[in-house]
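*Asks:* This is start-v7.cif, which holds mmCIF, C-alpha atoms and all ligand atoms:
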```
data_my_file
loop_
_atom_site.label_atom_id
_atom_site.label_comp_id
_atom_site.auth_asym_id
_atom_site.auth_seq_id
_atom_site.Cartn_x
_atom_site.Cartn_y
_atom_site.Cartn_z
CA MET A 1 -97.62 -66.75 -15.31
CA ALA A 2 -97.44 -64.99 -18.67
CA ALA A 3 -100.25 -65.74 -21.13
CA SER A 4 -99.46 -68.37 -23.75
CA PRO A 5 -99.45 -67.29 -27.39
CA HIS A 6 -102.53 -69.48 -27.92
CA ASP A 7 -104.38 -67.59 -25.18
CA LEU A 8 -103.33 -64.28 -26.71
CA ASP A 9 -104.63 -65.39 -30.11
CA SER A 10 -107.93 -66.50 -28.55
CA ALA A 11 -108.35 -63.10 -26.91
CA ASP A 12 -107.36 -61.15 -30.05
CA PRO A 13 -110.36 -59.22 -31.45
CA LEU A 14 -108.76 -59.17 -34.92
CA ALA A 15 -107.87 -62.87 -34.98
CA SER A 16 -110.62 -63.72 -37.47
CA PHE A 17 -109.12 -61.40 -40.09
CA ARG A 18 -106.41 -63.98 -40.72
CA ASP A 19 -109.09 -66.10 -42.43
CA ARG A 20 -109.71 -63.28 -44.87
CA PHE A 21 -106.32 -63.93 -46.45
CA VAL A 22 -105.07 -66.73 -48.66
CA ILE A 23 -102.73 -68.59 -46.36
CA ASP A 24 -101.46 -71.31 -48.59
CA ASP A 25 -97.84 -71.89 -47.69
CA ASP A 26 -95.69 -74.16 -45.60
CA LEU A 27 -94.31 -71.39 -43.39
CA VAL A 28 -93.91 -71.53 -39.64
CA ALA A 29 -93.93 -67.75 -39.35
CA TYR A 30 -94.22 -65.01 -41.97
CA LEU A 31 -92.52 -62.02 -40.37
CA ASP A 32 -92.09 -59.94 -43.49
CA GLY A 33 -95.60 -58.60 -44.12
CA ASN A 34 -94.03 -55.14 -43.94
CA SER A 35 -92.13 -55.91 -47.16
CA LEU A 36 -94.91 -57.76 -48.95
CA GLY A 37 -98.31 -58.19 -47.33
CA ARG A 38 -100.34 -61.36 -47.80
CA LEU A 39 -103.01 -61.83 -50.46
CA PRO A 40 -106.58 -60.99 -49.35
CA VAL A 41 -109.23 -63.50 -50.48
CA ALA A 42 -111.37 -60.56 -51.63
CA THR A 43 -108.54 -59.43 -53.92
CA LEU A 44 -108.25 -62.86 -55.51
CA ASP A 45 -112.00 -62.80 -56.21
CA ARG A 46 -112.03 -59.19 -57.38
CA LEU A 47 -109.15 -59.64 -59.80
CA THR A 48 -110.58 -62.88 -61.19
CA THR A 49 -113.89 -61.13 -61.84
CA PHE A 50 -112.16 -58.07 -63.25
CA VAL A 51 -110.03 -60.03 -65.68
CA ARG A 52 -112.92 -62.14 -67.02
CA GLN A 53 -115.83 -59.75 -66.90
CA GLU A 54 -114.34 -56.28 -67.21
CA TRP A 55 -111.17 -56.63 -69.23
CA GLY A 56 -112.40 -59.78 -70.98
CA SER A 57 -115.80 -58.54 -72.07
CA ARG A 58 -115.94 -54.77 -71.73
CA LEU A 59 -112.56 -54.19 -73.39
CA ILE A 60 -111.93 -50.54 -74.30
CA ARG A 61 -115.42 -49.60 -73.08
CA GLY A 62 -114.17 -50.21 -69.54
CA TRP A 63 -112.32 -46.90 -69.51
CA SER A 64 -115.49 -44.87 -69.81
CA GLU A 65 -117.32 -47.26 -67.49
CA GLY A 66 -115.17 -46.28 -64.54
CA TRP A 67 -111.51 -47.24 -65.00
CA VAL A 68 -110.57 -43.67 -65.89
CA ASP A 69 -111.51 -42.39 -62.45
CA LEU A 70 -109.89 -45.14 -60.39
CA PRO A 71 -106.59 -43.32 -59.62
CA VAL A 72 -108.63 -40.60 -57.93
CA THR A 73 -111.59 -42.53 -56.48
CA VAL A 74 -109.35 -45.17 -54.92
CA GLY A 75 -106.94 -42.40 -53.92
CA ASP A 76 -109.80 -40.68 -52.11
CA GLU A 77 -110.78 -43.92 -50.39
CA LEU A 78 -107.20 -44.58 -49.26
CA GLY A 79 -106.85 -40.95 -48.19
CA ARG A 80 -110.01 -41.01 -46.08
CA GLU A 81 -109.43 -44.39 -44.44
CA LEU A 82 -105.66 -44.40 -43.97
CA LEU A 83 -104.31 -40.86 -44.18
CA GLY A 84 -106.86 -38.54 -42.58
CA ALA A 85 -107.11 -36.80 -45.94
CA ALA A 86 -110.23 -35.16 -47.35
CA ASP A 87 -111.13 -36.06 -50.93
CA GLY A 88 -109.32 -34.57 -53.89
CA GLN A 89 -105.77 -34.69 -52.54
CA THR A 90 -104.61 -38.29 -53.09
CA VAL A 91 -103.92 -40.29 -56.25
CA ILE A 92 -102.81 -43.86 -56.83
CA ALA A 93 -99.95 -43.81 -59.31
CA ASP A 94 -96.55 -45.07 -60.36
CA SER A 95 -94.11 -46.47 -57.81
CA THR A 96 -93.14 -44.78 -54.56
CA SER A 97 -89.81 -43.81 -56.14
CA VAL A 98 -91.46 -42.08 -59.11
CA CYS A 99 -93.95 -40.32 -56.83
CA ILE A 100 -91.10 -39.11 -54.59
CA HIS A 101 -89.41 -37.69 -57.68
CA LYS A 102 -92.58 -35.85 -58.66
CA LEU A 103 -93.26 -34.53 -55.16
CA LEU A 104 -89.67 -33.37 -54.62
CA HIS A 105 -89.89 -31.23 -57.75
CA ALA A 106 -93.35 -29.94 -56.84
CA ALA A 107 -92.22 -29.12 -53.29
CA ALA A 108 -88.98 -27.43 -54.39
CA GLY A 109 -90.95 -25.41 -56.91
CA LEU A 110 -93.04 -23.95 -54.07
CA ARG A 111 -89.87 -22.59 -52.45
CA ALA A 112 -87.90 -21.56 -55.52
CA ASP A 113 -86.10 -18.81 -53.58
CA ARG A 114 -84.45 -21.42 -51.31
CA ASP A 115 -81.80 -23.96 -52.24
CA GLU A 116 -81.52 -26.77 -49.67
CA ILE A 117 -83.22 -30.13 -49.33
CA ILE A 118 -82.90 -31.89 -45.99
CA ILE A 119 -82.92 -35.68 -45.63
CA ASP A 120 -81.55 -38.05 -43.01
CA ALA A 121 -78.74 -40.50 -43.66
CA THR A 122 -80.88 -43.24 -42.06
CA ASN A 123 -83.57 -42.90 -44.74
CA PHE A 124 -84.33 -45.58 -47.34
CA PRO A 125 -81.84 -45.59 -50.24
CA THR A 126 -84.35 -44.69 -52.97
CA ASP A 127 -85.39 -41.58 -51.00
CA ARG A 128 -81.75 -40.50 -50.62
CA TYR A 129 -80.85 -41.16 -54.26
CA LEU A 130 -83.86 -39.17 -55.45
CA VAL A 131 -83.05 -36.24 -53.18
CA GLU A 132 -79.50 -36.16 -54.57
CA ALA A 133 -80.75 -36.31 -58.17
CA VAL A 134 -83.44 -33.66 -57.78
CA ALA A 135 -81.08 -31.35 -55.90
CA GLU A 136 -78.54 -31.69 -58.70
CA ALA A 137 -81.12 -31.12 -61.42
CA ARG A 138 -82.38 -27.96 -59.71
CA GLY A 139 -79.01 -26.59 -58.62
CA MET A 140 -79.79 -27.20 -54.96
CA THR A 141 -77.72 -28.56 -52.07
CA VAL A 142 -78.51 -31.61 -49.91
CA ARG A 143 -78.15 -31.27 -46.17
CA ARG A 144 -77.89 -34.72 -44.58
CA LEU A 145 -78.90 -35.27 -40.98
CA GLU A 146 -76.89 -37.98 -39.23
CA PRO A 147 -79.18 -39.05 -36.38
CA ASP A 148 -78.79 -42.05 -34.13
CA LEU A 149 -80.63 -44.95 -35.81
CA VAL A 150 -82.94 -45.66 -32.87
CA GLU A 151 -83.58 -42.09 -31.68
CA ASN A 152 -83.82 -41.04 -35.33
CA VAL A 153 -85.03 -37.61 -36.44
CA THR A 154 -86.58 -35.46 -33.71
CA THR A 155 -87.42 -31.75 -33.66
CA GLU A 156 -84.13 -31.28 -31.76
CA VAL A 157 -82.12 -33.04 -34.47
CA LEU A 158 -83.87 -30.97 -37.14
CA ALA A 159 -83.49 -27.65 -35.31
CA GLY A 160 -79.78 -27.45 -36.09
CA ALA A 161 -80.35 -27.94 -39.81
CA LEU A 162 -83.47 -25.91 -40.62
CA GLY A 163 -82.88 -22.38 -41.79
CA GLU A 164 -83.59 -19.72 -44.35
CA ARG A 165 -82.12 -21.83 -47.11
CA THR A 166 -84.31 -24.88 -46.37
CA ALA A 167 -86.81 -25.47 -49.15
CA VAL A 168 -87.89 -29.07 -48.56
CA VAL A 169 -87.55 -31.73 -45.85
CA LEU A 170 -88.12 -35.40 -46.80
CA LEU A 171 -88.51 -37.86 -43.92
CA SER A 172 -89.88 -41.37 -43.36
CA HIS A 173 -92.66 -41.59 -40.79
CA VAL A 174 -91.37 -45.00 -39.66
CA ASP A 175 -87.69 -45.83 -40.19
CA TYR A 176 -87.37 -48.89 -42.45
CA ARG A 177 -84.60 -50.36 -40.33
CA SER A 178 -85.17 -49.45 -36.67
CA GLY A 179 -88.96 -49.10 -36.85
CA THR A 180 -88.70 -45.73 -35.09
CA LEU A 181 -91.95 -43.71 -35.44
CA LEU A 182 -91.28 -40.01 -35.92
CA ASP A 183 -93.43 -37.27 -34.38
CA LEU A 184 -95.15 -36.24 -37.60
CA PRO A 185 -97.24 -33.32 -36.26
CA ALA A 186 -94.39 -31.73 -34.27
CA ILE A 187 -91.84 -32.11 -37.07
CA THR A 188 -94.32 -30.75 -39.63
CA ASP A 189 -94.81 -27.68 -37.42
CA ALA A 190 -91.05 -27.20 -37.05
CA VAL A 191 -90.53 -27.38 -40.82
CA HIS A 192 -93.29 -24.82 -41.38
CA ALA A 193 -91.89 -22.52 -38.71
CA ALA A 194 -88.71 -22.39 -40.79
CA GLY A 195 -90.75 -21.50 -43.88
CA ALA A 196 -90.09 -24.82 -45.63
CA VAL A 197 -92.37 -27.62 -46.85
CA VAL A 198 -92.35 -31.27 -45.81
CA ILE A 199 -92.76 -34.54 -47.70
CA TRP A 200 -93.61 -37.52 -45.53
CA ASP A 201 -92.78 -41.01 -46.77
CA LEU A 202 -95.43 -43.26 -45.23
CA CYS A 203 -94.25 -46.61 -46.66
CA HIS A 204 -93.90 -48.26 -43.25
CA SER A 205 -96.84 -46.56 -41.54
CA ALA A 206 -99.72 -46.46 -44.05
CA GLY A 207 -102.29 -49.02 -43.00
CA VAL A 208 -100.80 -49.79 -39.61
CA VAL A 209 -100.32 -46.44 -37.80
CA PRO A 210 -103.11 -43.84 -37.56
CA ILE A 211 -102.19 -40.85 -39.75
CA GLU A 212 -103.86 -37.42 -39.87
CA LEU A 213 -102.30 -35.52 -42.76
CA ASP A 214 -104.94 -32.78 -43.04
CA SER A 215 -105.06 -31.92 -39.36
CA ALA A 216 -101.26 -31.93 -39.09
CA GLY A 217 -101.09 -29.54 -42.06
CA VAL A 218 -98.75 -31.81 -44.03
CA ASP A 219 -97.76 -30.49 -47.46
CA PHE A 220 -97.00 -33.70 -49.38
CA ALA A 221 -96.94 -37.42 -48.64
CA VAL A 222 -96.20 -40.63 -50.47
CA GLY A 223 -96.20 -44.34 -49.70
CA CYS A 224 -96.34 -47.96 -50.79
CA THR A 225 -99.41 -50.15 -50.99
CA TYR A 226 -97.68 -53.53 -51.16
CA LYS A 227 -96.59 -53.44 -47.52
CA TYR A 228 -99.32 -53.08 -44.88
CA VAL A 229 -102.00 -52.36 -47.49
CA ASN A 230 -101.55 -55.87 -48.93
CA ALA A 231 -102.06 -54.84 -52.57
CA GLY A 232 -99.46 -57.18 -54.05
CA PRO A 233 -95.95 -57.12 -55.50
CA GLY A 234 -95.30 -53.93 -57.44
CA ALA A 235 -98.68 -52.42 -56.55
CA PRO A 236 -98.76 -48.69 -57.34
CA ALA A 237 -97.97 -46.00 -54.79
CA PHE A 238 -100.09 -43.15 -53.47
CA ALA A 239 -99.24 -39.46 -53.55
CA TYR A 240 -100.89 -36.77 -51.43
CA VAL A 241 -100.80 -33.05 -52.23
CA ALA A 242 -102.49 -30.72 -49.75
CA ALA A 243 -105.39 -28.92 -51.44
CA ARG A 244 -103.80 -25.53 -50.76
CA HIS A 245 -100.78 -26.46 -52.90
CA LEU A 246 -102.62 -28.04 -55.84
CA ALA A 247 -102.74 -24.99 -58.07
CA GLN A 248 -98.96 -24.47 -57.79
CA ALA A 249 -97.76 -28.08 -57.61
CA GLU A 250 -95.77 -28.69 -60.79
CA GLN A 251 -94.50 -32.16 -61.43
CA PRO A 252 -91.79 -33.11 -63.94
CA ILE A 253 -93.56 -35.87 -65.89
CA PRO A 254 -96.56 -34.14 -67.45
CA GLY A 255 -98.51 -36.51 -69.63
CA TRP A 256 -101.97 -36.77 -71.07
CA TRP A 257 -103.29 -38.22 -67.80
CA SER A 258 -102.26 -35.11 -65.87
CA ALA A 259 -103.67 -32.72 -68.46
CA ALA A 260 -106.78 -30.64 -67.83
CA ASP A 261 -108.77 -32.64 -70.39
CA LEU A 262 -107.59 -36.20 -70.90
CA PHE A 263 -109.39 -36.73 -74.20
CA ALA A 264 -109.03 -33.24 -75.70
CA MET A 265 -105.77 -34.31 -77.41
CA SER A 266 -104.79 -30.68 -77.28
CA ASP A 267 -101.69 -29.22 -78.94
CA THR A 268 -100.55 -27.56 -75.78
CA TYR A 269 -100.32 -28.96 -72.29
CA GLU A 270 -102.39 -27.50 -69.52
CA ALA A 271 -102.19 -29.20 -66.12
CA SER A 272 -105.39 -30.47 -64.54
CA PRO A 273 -106.52 -28.17 -61.71
CA THR A 274 -107.27 -31.30 -59.64
CA VAL A 275 -104.99 -33.86 -58.04
CA ARG A 276 -105.00 -35.68 -61.40
CA ARG A 277 -102.13 -33.34 -62.23
CA MET A 278 -99.84 -35.74 -60.37
CA LEU A 279 -100.57 -38.57 -62.84
CA SER A 280 -98.56 -39.11 -66.02
CA GLY A 281 -99.66 -42.07 -68.14
CA THR A 282 -102.22 -44.86 -68.27
CA PRO A 283 -102.76 -46.34 -64.80
CA PRO A 284 -102.56 -50.06 -63.88
CA VAL A 285 -106.25 -50.80 -63.43
CA ALA A 286 -106.02 -54.32 -62.00
CA ALA A 287 -103.39 -53.27 -59.51
CA ILE A 288 -105.47 -50.28 -58.36
CA LEU A 289 -108.42 -52.61 -57.70
CA ALA A 290 -106.10 -54.63 -55.45
CA VAL A 291 -105.26 -51.41 -53.58
CA GLN A 292 -108.98 -50.78 -53.11
CA GLU A 293 -109.56 -54.23 -51.61
CA GLY A 294 -106.58 -53.79 -49.29
CA VAL A 295 -107.88 -50.41 -48.11
CA ARG A 296 -111.39 -51.82 -47.55
CA LEU A 297 -110.09 -54.63 -45.38
CA ILE A 298 -108.18 -52.14 -43.21
CA ALA A 299 -111.24 -49.89 -42.99
CA GLU A 300 -113.38 -52.84 -41.92
CA ALA A 301 -110.98 -53.82 -39.13
CA GLY A 302 -110.43 -50.18 -38.15
CA ILE A 303 -107.08 -48.43 -37.97
CA GLY A 304 -107.52 -47.98 -34.18
CA PRO A 305 -107.87 -51.72 -33.43
CA ILE A 306 -105.08 -52.42 -35.95
CA ARG A 307 -102.73 -50.05 -34.10
CA ASP A 308 -103.73 -51.58 -30.75
CA LYS A 309 -102.88 -55.05 -32.00
CA SER A 310 -99.65 -53.82 -33.58
CA VAL A 311 -98.52 -52.36 -30.24
CA ALA A 312 -99.52 -55.54 -28.39
CA LEU A 313 -97.73 -57.75 -30.92
CA THR A 314 -94.50 -55.72 -30.97
CA THR A 315 -94.56 -55.56 -27.14
CA TYR A 316 -94.94 -59.33 -26.98
CA LEU A 317 -92.16 -59.78 -29.53
CA ILE A 318 -89.79 -57.52 -27.57
CA GLU A 319 -90.48 -59.50 -24.38
CA GLN A 320 -89.59 -62.71 -26.20
CA LEU A 321 -86.43 -61.21 -27.69
CA ASP A 322 -85.37 -59.86 -24.29
CA ALA A 323 -85.90 -63.28 -22.73
CA ALA A 324 -83.60 -64.72 -25.40
CA GLY A 325 -80.97 -62.08 -24.62
CA LEU A 326 -81.02 -60.56 -28.13
CA GLU A 327 -80.02 -56.95 -28.86
CA ILE A 328 -82.90 -54.78 -30.10
CA VAL A 329 -82.48 -51.62 -32.17
CA THR A 330 -86.09 -50.44 -31.99
CA PRO A 331 -87.56 -47.96 -29.47
CA ARG A 332 -88.97 -49.62 -26.35
CA ASP A 333 -91.60 -46.93 -25.96
CA PRO A 334 -94.55 -48.20 -28.07
CA HIS A 335 -95.51 -44.61 -28.96
CA ARG A 336 -92.16 -44.30 -30.68
CA ARG A 337 -92.28 -47.36 -32.91
CA GLY A 338 -94.20 -48.67 -35.90
CA SER A 339 -94.99 -52.33 -36.51
CA HIS A 340 -91.59 -53.94 -36.94
CA VAL A 341 -88.83 -54.74 -34.48
CA THR A 342 -85.20 -55.11 -35.43
CA VAL A 343 -82.51 -57.27 -33.90
CA ARG A 344 -78.81 -56.60 -34.27
CA HIS A 345 -76.50 -59.60 -34.38
CA PRO A 346 -72.97 -60.03 -35.79
CA ARG A 347 -74.09 -63.17 -37.65
CA ALA A 348 -77.38 -61.62 -38.85
CA ARG A 349 -76.95 -62.60 -42.51
CA GLU A 350 -76.26 -66.24 -41.74
CA ILE A 351 -79.04 -66.44 -39.12
CA ALA A 352 -81.62 -64.87 -41.43
CA ALA A 353 -80.73 -67.39 -44.16
CA GLU A 354 -81.07 -70.28 -41.71
CA MET A 355 -84.40 -68.94 -40.43
CA LEU A 356 -85.70 -69.08 -44.01
CA GLU A 357 -84.62 -72.72 -44.28
CA ARG A 358 -86.62 -73.41 -41.13
CA GLY A 359 -89.79 -71.77 -42.49
CA VAL A 360 -89.46 -68.47 -40.67
CA VAL A 361 -89.34 -65.45 -42.98
CA PRO A 362 -87.56 -62.41 -41.57
CA ASP A 363 -85.85 -59.61 -43.49
CA PHE A 364 -82.09 -59.17 -43.45
CA ARG A 365 -80.85 -55.59 -43.65
CA GLU A 366 -77.19 -54.75 -44.18
CA PRO A 367 -74.92 -55.09 -42.38
CA ASP A 368 -76.11 -56.83 -39.22
CA LEU A 369 -79.86 -56.34 -38.81
CA ILE A 370 -82.75 -58.82 -38.78
CA ARG A 371 -86.08 -57.11 -39.20
CA LEU A 372 -89.24 -58.77 -37.90
CA GLY A 373 -92.38 -57.23 -39.38
CA LEU A 374 -95.74 -57.83 -37.74
CA SER A 375 -98.81 -57.25 -39.84
CA PRO A 376 -101.79 -57.05 -37.44
CA LEU A 377 -104.41 -58.46 -39.81
CA THR A 378 -102.41 -61.61 -40.47
CA THR A 379 -99.69 -62.13 -37.88
CA SER A 380 -100.64 -64.34 -34.92
CA TYR A 381 -98.99 -64.52 -31.49
CA VAL A 382 -98.30 -68.20 -32.14
CA GLU A 383 -96.36 -67.18 -35.26
CA VAL A 384 -94.35 -64.61 -33.31
CA ALA A 385 -93.51 -67.12 -30.56
CA ALA A 386 -92.50 -69.78 -33.10
CA GLY A 387 -90.39 -67.32 -35.07
CA VAL A 388 -88.51 -66.07 -32.02
CA ALA A 389 -87.89 -69.61 -30.82
CA VAL A 390 -86.08 -70.40 -34.08
CA LEU A 391 -84.19 -67.09 -34.07
CA ALA A 392 -83.12 -67.55 -30.44
CA GLU A 393 -81.87 -71.08 -31.08
CA LEU A 394 -79.84 -70.01 -34.11
CA ALA A 395 -78.41 -66.95 -32.34
CA ARG A 396 -77.07 -68.95 -29.41
C1 LIG B 1 -90.44 -49.78 -49.45
C2 LIG B 1 -89.96 -48.37 -49.50
C3 LIG B 1 -89.77 -47.72 -50.73
C4 LIG B 1 -89.97 -48.48 -52.01
O1 LIG B 1 -90.07 -47.69 -53.15
P1 LIG B 1 -90.53 -48.37 -54.52
O2 LIG B 1 -90.48 -47.29 -55.50
O3 LIG B 1 -91.90 -48.94 -54.28
O4 LIG B 1 -89.59 -49.48 -54.83
C5 LIG B 1 -89.38 -46.39 -50.71
N1 LIG B 1 -89.16 -45.73 -49.53
C6 LIG B 1 -89.34 -46.35 -48.35
C7 LIG B 1 -89.12 -45.60 -47.08
C8 LIG B 1 -89.72 -47.70 -48.30
O5 LIG B 1 -89.87 -48.31 -47.13
#
```
Can the structure from this file be put into structure tokens for me?
*Replies:*
Amino acid sequence: MAASPHDLDSADPLASFRDRFVIDDDLVAYLDGNSLGRLPVATLDRLTTFVRQEWGSRLIRGWSEGWVDLPVTVGDELGRELLGAADGQTVIADSTSVCIHKLLHAAAGLRADRDEIIIDATNFPTDRYLVEAVAEARGMTVRRLEPDLVENVTTEVLAGALGERTAVVLLSHVDYRSGTLLDLPAITDAVHAAGAVVIWDLCHSAGVVPIELDSAGVDFAVGCTYKYVNAGPGAPAFAYVAARHLAQAEQPIPGWWSAADLFAMSDTYEASPTVRRMLSGTPPVAAILAVQEGVRLIAEAGIGPIRDKSVALTTYLIEQLDAAGLEIVTPRDPHRRGSHVTVRHPRAREIAAEMLERGVVPDFREPDLIRLGLSPLTTSYVEVAAGVAVLAELAR
């Protein structure tokens, strides 16, 4: 007989991490931690202390007492723990969209003799809009891949598009709809073999899938911290620039925070030689502290155990969905998927709305997809079982 969800929770080595989060709701199942992660208790404490003791009593002195360095020090911490990135290549800044804009310009600038940017039609809208806008601003052309949603972008799909005109390729590591996990090292190699540079969007993999940017030789990367990093609504993004590109990486929003000397108030702009050159203006200090707490929690649990639980949870979820006869548009091979599983149903919109009424939070994605996101530090097997039971009943 198959193990009950209670047994699976009892045997889960990460089960106790659920108690490290504020779980103060009336939900039966929160299956949207990949859109907005839960609030860590440590973050609540840290922000309360910060607001009273640092902002409240240190005031402007706080900048010279450490706030100034946070975009880089927390960037380094996130880079080391989540991205396989040595220090000095990652900053916490802006939103993912703004960072994509900056990185697209920096990447295109490295290949100024080429005029094409490649992106896939399955990519997240903001990524596609930004590619269109940057291509137009720079007089470049967009080449759109049209892969199958579930198979998504492979080296074979890319092979037909890469060429001497390719300057930049922007891809998502995990597809936001199907959950397909792309082969980051192999695709990075293929892009380099064509003489182009790659930008990886890690929004749906950072904090839940092991990532090794340095060893894969990735050029640029970007991602959210409010999804699996649990840093809160609107938390700033991270941007990674490989050390070998730093001296040439030119971004389009130069401000005093990206200048060589922040407080020199110089007449002329000179970009910082460090990764600070990707910043623009004054950073959101409180929000960066929330990123730091989120990163620390992931580091404590370990990205390896987190990935193991993610695979076990998505496997369990797929078994339950199969038993209910639901159509799945996520790879069945666990090596080819991230931490969410997507169901296709003609009445998806209506079902997702009814699930919400019944205390189960999924994510509806146009036109007919219901996305179920499993966040290994907080999602329990009991939650998954309860969520599927409601979904199955409504889908019948
Ligand atoms: C969530 C997500 C974004 C969000 O960008 P914001 O600027 O934070 O709104 C961008 N790209 C992908 C692939 C995402 O999953």
*Asks:* Can you measure CA of Ser215 (chain A) to CA of Pro185 (chain A) for me? One decimal in Å is fine.
*Replies:*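 Pair CA of Ser215 (chain A) / CA of Pro185 (chain A) returns 8.5 Å.
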*Asks:* What does the distance from CA of Pro71 (chain A) to CA of Ile92 (chain A) come to in Å, to one decimal?
*Replies:*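 Between these atoms lies a distance of 4.7 Å.
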*Asks:* Quick one: of A:Val275, A:Leu44, A:Ala243, A:Leu171, who's nearest to ligand LIG 1 (chain B), counting only C-alpha atoms and all ligand atoms?
*Replies:*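 Of the candidates, the smallest distance to ligand LIG 1 (chain B) is held by A:Leu171.
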*Asks:* List as a PyMOL selection string the protein and nucleic acid residues near region 102-108 of chain A, meaning an atom at most 8 Å away when only C-alpha atoms are counted, but skip any in the same chain fewer than 4 places from it.
*Replies:* chain A and resi 98+112+131+134+167-168+197-199+220+239+248-253+278
*Asks:* Show which residues sit within 12 Å of Ala206 (chain A), as a PDB file with C-alpha atoms, in the frame of the given file. Count all atoms listed in the file, and ignore same-chain residues fewer than 3 positions away.
*Replies:*
```pdb
ATOM      1  CA  ASN A  34     -94.030 -55.140 -43.940  1.00  0.00           C
ATOM      2  CA  LEU A  78    -107.200 -44.580 -49.260  1.00  0.00           C
ATOM      3  CA  GLY A  79    -106.850 -40.950 -48.190  1.00  0.00           C
ATOM      4  CA  ARG A  80    -110.010 -41.010 -46.080  1.00  0.00           C
ATOM      5  CA  GLU A  81    -109.430 -44.390 -44.440  1.00  0.00           C
ATOM      6  CA  LEU A  82    -105.660 -44.400 -43.970  1.00  0.00           C
ATOM      7  CA  LEU A  83    -104.310 -40.860 -44.180  1.00  0.00           C
ATOM      8  CA  GLY A  84    -106.860 -38.540 -42.580  1.00  0.00           C
ATOM      9  CA  SER A 172     -89.880 -41.370 -43.360  1.00  0.00           C
ATOM     10  CA  HIS A 173     -92.660 -41.590 -40.790  1.00  0.00           C
ATOM     11  CA  VAL A 174     -91.370 -45.000 -39.660  1.00  0.00           C
ATOM     12  CA  LEU A 181     -91.950 -43.710 -35.440  1.00  0.00           C
ATOM     13  CA  TRP A 200     -93.610 -37.520 -45.530  1.00  0.00           C
ATOM     14  CA  ASP A 201     -92.780 -41.010 -46.770  1.00  0.00           C
ATOM     15  CA  LEU A 202     -95.430 -43.260 -45.230  1.00  0.00           C
ATOM     16  CA  CYS A 203     -94.250 -46.610 -46.660  1.00  0.00           C
ATOM     17  CA  VAL A 209    -100.320 -46.440 -37.800  1.00  0.00           C
ATOM     18  CA  PRO A 210    -103.110 -43.840 -37.560  1.00  0.00           C
ATOM     19  CA  ILE A 211    -102.190 -40.850 -39.750  1.00  0.00           C
ATOM     20  CA  GLU A 212    -103.860 -37.420 -39.870  1.00  0.00           C
ATOM     21  CA  LEU A 213    -102.300 -35.520 -42.760  1.00  0.00           C
ATOM     22  CA  ALA A 221     -96.940 -37.420 -48.640  1.00  0.00           C
ATOM     23  CA  VAL A 222     -96.200 -40.630 -50.470  1.00  0.00           C
ATOM     24  CA  GLY A 223     -96.200 -44.340 -49.700  1.00  0.00           C
ATOM     25  CA  CYS A 224     -96.340 -47.960 -50.790  1.00  0.00           C
ATOM     26  CA  THR A 225     -99.410 -50.150 -50.990  1.00  0.00           C
ATOM     27  CA  TYR A 226     -97.680 -53.530 -51.160  1.00  0.00           C
ATOM     28  CA  LYS A 227     -96.590 -53.440 -47.520  1.00  0.00           C
ATOM     29  CA  TYR A 228     -99.320 -53.080 -44.880  1.00  0.00           C
ATOM     30  CA  VAL A 229    -102.000 -52.360 -47.490  1.00  0.00           C
ATOM     31  CA  ASN A 230    -101.550 -55.870 -48.930  1.00  0.00           C
ATOM     32  CA  ALA A 237     -97.970 -46.000 -54.790  1.00  0.00           C
ATOM     33  CA  PHE A 238    -100.090 -43.150 -53.470  1.00  0.00           C
ATOM     34  CA  ALA A 239     -99.240 -39.460 -53.550  1.00  0.00           C
ATOM     35  CA  GLY A 294    -106.580 -53.790 -49.290  1.00  0.00           C
ATOM     36  CA  VAL A 295    -107.880 -50.410 -48.110  1.00  0.00           C
ATOM     37  CA  ILE A 298    -108.180 -52.140 -43.210  1.00  0.00           C
ATOM     38  CA  ILE A 303    -107.080 -48.430 -37.970  1.00  0.00           C
ATOM     39  CA  ILE A 306    -105.080 -52.420 -35.950  1.00  0.00           C
ATOM     40  CA  ARG A 307    -102.730 -50.050 -34.100  1.00  0.00           C
ATOM     41  CA  GLY A 338     -94.200 -48.670 -35.900  1.00  0.00           C
ATOM     42  CA  SER A 339     -94.990 -52.330 -36.510  1.00  0.00           C
ATOM     43  CA  SER A 375     -98.810 -57.250 -39.840  1.00  0.00           C
TER      44      SER A 375
END
```
*Asks:* From the options A:Asp175, A:Glu151, A:Asp87, A:Glu156, which residue's atoms come nearest to Asp127 (chain A), counting all atoms listed in the file?
*Replies:*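 Ranked by minimum distance to Asp127 (chain A), first place goes to A:Asp175.
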*Asks:* In Å, how far is it from CA of Arg128 (chain A) to atom N1 of ligand LIG 1 (chain B)?
*Replies:*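 Computing the Euclidean distance for CA of Arg128 (chain A) and atom N1 of ligand LIG 1 (chain B) yields 9.1 Å.
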*Asks:* Show me as a PyMOL selection string the residues that reach within 8 Å of (-87.2, -58.8, -32.3), counting all atoms listed in the file and using the file's own coordinates.
*Replies:* chain A and resi 317-318+320-321+326+328+341-343+370-372+388
*Asks:* Taking (-96.8, -60.2, -38.7) in the coordinates of the supplied file, I want to know which residues reach to within 12 Å of it, counting only C-alpha atoms; could you give the answer as a PyMOL selection string?
*Replies:* chain A and resi 15+18+28-38+208+227-228+306+309-314+316-317+339-341+360-363+371-387
*Asks:* Adding 5 Å on each side of the box along x, y and z that holds all listed atoms of region 235-243 of chain A, could you give its centre and edge lengths in Å to one decimal, as JSON?
*Replies:*
```
{"center_x": -101.7, "center_y": -40.7, "center_z": -53.5, "size_x": 17.4, "size_y": 33.5, "size_z": 17.6}
```
*Asks:* Mind checking which residues fall within 10 Å of Ala247 (chain A), counting all atoms listed in the file, ignoring those fewer than 4 positions away in the same chain, and posting them as a VMD selection string?
*Replies:* chain A and resid 243 271 to 275 277
